[in-house]
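A.B. asks: Quick one: the structure is below, questions incoming.
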Amino acid sequence: MPDVQTLREVKFQTPLRIYSADDKLIAEFGEKKRVPVTFDQIPDDFIKALQAAEDARFFEHFGIDIKGLSRAAFQLASTGRIQSGGSTITMQVAKNFFLTREQTFKRKFVEILLSLQIEQTLDKQEIMELYVNKIYLGHRSYGIQAAANTYYGKNINELSLAQLAMIAGLPKAPSAFNPITNPERAKERRDWILGRMLKLGYIDQARHDMAVNTPVSARYHRSDIELDAPYIAEMVRQQLFERFGEDVYTDGYRAWTTIDSRMQTEAIQALRRGLLDYTERHGYRGAEASIDIQALSPADQLNELKRHSSFAGLEPALVVSVDESGADLLDREGNTLRLDWNGIKWARPFRSIHWTGPEPKRPADVVQPGDIIRVMNDSEGNLKLTQMPNIQGALTALDPQDGAIRSLVGGFSFYHNKFNRATQAYRQPGSNIKPFLYTAALENGFTPASIINDAPVVFHDVSLEGTWRPENDNGEFNGPTRLREALYRSRNLVSIRLMRALGIEQAREFILKFGFEPDRFPANLSLSLGSASATPLQVVTGYAAFANGGFKVEPYLISRIEDAEGNLLLQANPVRVCKACESEAAITAGTETTESTAALPPEAPTDILQPADATPAPRYAQRIISPRNAFLIQDIMNDVINRGTGRRALALERNDLAGKTGTTNEQKDVWFSGFNPHLVATAWVGFDQPSPLGRGEYGSSRALPIWIDFMEDALDGVPEEPPTAPEGVVRVMIDPATGKRAYTGQDNAMSEYFRTEDVPTETARSPEQQMQAPATEAIFGY
């Protein structure tokens with residue numbers, strides 16, 4: 001005989017659940033959907049309905065029902081089989097936890113003995129609790145709370161009497177009495193239970209009549225997912241599987257992420273809007289498939305349509321007929337839809353990535369009967385022709401103060417393609433790499449006013465496969481150029497000369513401090529133009545150092561993990577920016593260091609997730625940019641938006657934004673990474689198999705609009721916080737042509753920031769002085 005004492009320690013197989021930082025359910029992993037409830041959480045109406053259906057004398061008997069057993073014995077003697085069973089709820093608990101389902105006298109005898117023991121060991125509330133959490137109720141739902149979620153999208157305590165009676169009817173035959181697959185039989189079973197409740201005095205006539213007249217309202221609800229973040233869910237699942245193994249799917253773990261649900265929702269929409277805008281701009285590629293509707297019956301037509309799944313709100317539809325004002329469509333549910341000309345007329349035919357065909361004149365120029373197309377609702381709710389983008393993208397955002405991932409989208413649709421481009425796609429960052437190089441220059445004595453020559457150059461380098469003639473993206477050269485202007489105008493030749501001046505290896509080692517992978521960063525001059533490989537998550541993590549004043553943070557996604565009982569198991573202890581932890585010596589002008597004096601305590605574990613019962617040692621972020629240079633590079637990157645390649649972001653009307661565009665050769669990858677002190681975000685767009693995006697597609701025209709779309713909502717209500725110059729940084733009026741101090745009365749003088757020890761001592765010459773200078777004098781840069 002099994003030991004019934006083990007029932008006190010039973011662990012229900014409960015799925016893993018993943019939540020956002022603000023408690024929105026993101027995902028559920030596990031074969032069995034179950035949410036255990038306590039006896040106090042079970043509605044009294046449900047207990048009464050269950051008694052009426054299964055065991056009216058549950059609270060009076062001692063585990064067995066003599067009348068029911070007599071009936072079962074008679075059936076066994078007369079037919080050789082037990083048909084009605086005569087089982088009490090206690091006997092069903094014994095069977096569900098300890099026995100097989102075979103209908104034999106021996107098994108029934110053991111069931112009776114176990115039931116008697118259970119009644120002596122547990123009280124009625126404990127037995128009822130075990131029963132309602134264990135029973136299978138159809139559609140992978142185990143227990144009454146999971147059933148309430150599955151059939152009604154509500155908690156068990158939110159259901160009406162009719163709905164509770166419906167669920168109470170399921171234990172006998174979850175398939176035969178299923179309200180979704182067999183609503184008529186389910187209603188019969190429900191009404192019988194309601195009649196029993198009336199007869200037993202559990203409800204009065206008025207409640208009975210109201211419940212019986214209630215129509216069946218059950219429909220299938222996927223787990224009550226509140227936030228669409230499947231790329232996030234999969235990242236968390238993988239991390240927890242590595243830590244807990246297969247038990248992660250059955251032991252009821254609950255994981256909370258750092259994701260902000262509002263930001264995540266907007267990130268998804270911003271990326272999708274940007275990719276759909278690209279695909280529409282480059283023309284309509286034609287129907288997804290085409291069938292002969294004359295040769296197929298309506299049922300076969302619908303079956304063909306159902307072969308095409310819905311992705312990201314893009315619904316498949318069959319063109320049934322076409323006229324001069326639009327087309328009649330059939331959706332996968334068999335409903336008729338109308339697609340008007342206004343939703344079709346955008347569809348110039350795709351010819352190549354560089355050009356499209358002529359504007360269509362009528363609907364028949366675009367669609368034909370039998371075409372399987374995709375449609376969506378536009379911003380005004382009108383039906384519009386669309387198509388699955390063949391381009392992809394990623395968008396991810398961090399809190400720069402501790403690396404918490406606030407939103408992450410790895411592609412247009414996880415269900416169409418599960419490859420997570422935010423974490424798995426290693427792509428060339430192009431000019432997105434330049435701020436790291438320019439920061440290295442500032443750390444090595446350059447100033448925002450340093451002059452570098454933007455002029456043609458030819459290299460003969462074996463590592464670059466022979467002769468290399470780099471150019472600026474517009475094919476023009478501006479001659480001697482200030483470092484500030486070179487960055488916000490993204491001048492390639494200046495970047496190359498900067499790296500030569502710093503030394504390739506020294507510049508590379510500095511850039512690697514931001515968290516990039518050495519094996520993916522070439523040790524040659526092409527690195528200055530972004531020929532390395534990095535994921536969007538690595539890029540945004542590097543940019544976090546610009547946003548937080550010079551500190552290296554580590555991206556993390558899981559903030560805490562609880563067990564099935566709600567006990568805290570693990571909690572995040574990330575490295576955090578702590579400017580107050582630095583010694584004064586580290587920020588005094590003339591004694592700056594790129595090494596943090598607030599070092600990580602030796603005893604502090606490096607795993608971000610640490611046991612809840614431990615007292616975590618503080619983990620401080622390492623300083624990788626000196627305070628004054630962190631301000632200088634941030635101020636220069638602010639000019640990328642104010643007057644450079646990122647000017648579109650002025651639409652956000654904020655003074656605390658900075659960033660950098662990025663476009664690789666032939667526009668195969670386009671980027672924008674930008675930030676303010678509270679949030680840093682990176683948008684990337686490109687084909688999965690790298691190929692040109694087409695004429696006019698740059699970081700500024702393709703990735704930046706996605707970033708703006710996201711940040712507009714993400715920063716809504718966040719106060720502006722423009723950076724302030726730290727001690728040891730001063731503003732001086734300079735000559736924009738030479739970077740020297742402006743001469744008295746200079747009309748085009750401009751203000752520039754300098755470290756105090758780097759303030760120019762030489763004054764630019766006035767036009768009169770230049771006329772008197774020898775004709776052979778010239779300005780030479782690096």
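A note on labels: chains of the structure tokens are A, B, ... as shown, every chain counts residues from 1, and ligands are counted from 1 in their shown order.
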Set the distance at 12 Å and use only C-alpha atoms: which residues neighbour Met388 (chain A) once local chain neighbours fewer than 6 positions away are removed? I'd like the list as a PyMOL selection string.

C.D. replies: chain A and resi 272-273+275-280+284-288+308-316+373-376+412-413+416-417

A.B. asks: List as number ranges by chain the protein and nucleic acid residues near region 728-743 of chain A, meaning an atom at most 8 Å away when only C-alpha atoms are counted, but skip any in the same chain fewer than 5 places from it.

C.D. replies: A: 449-451, 480-482, 588-589, 628, 748-756, 759-766, 779

A.B. asks: Which residues are close to Lys124 (chain A), i.e. within 12 Å by only C-alpha atoms, leaving aside same-chain residues fewer than 3 positions away? Reply as a VMD selection string.

C.D. replies: chain A and resid 39 47 57 to 63 89 to 90 93 115 118 to 121 127 to 131

A.B. asks: So, counting only C-alpha atoms, which residue among A:Asn149, A:Thr744, A:Gln51, A:Thr257 is closest to Ala572 (chain A)?

C.D. replies: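 Smallest distance to Ala572 (chain A) is found for A:Thr257.
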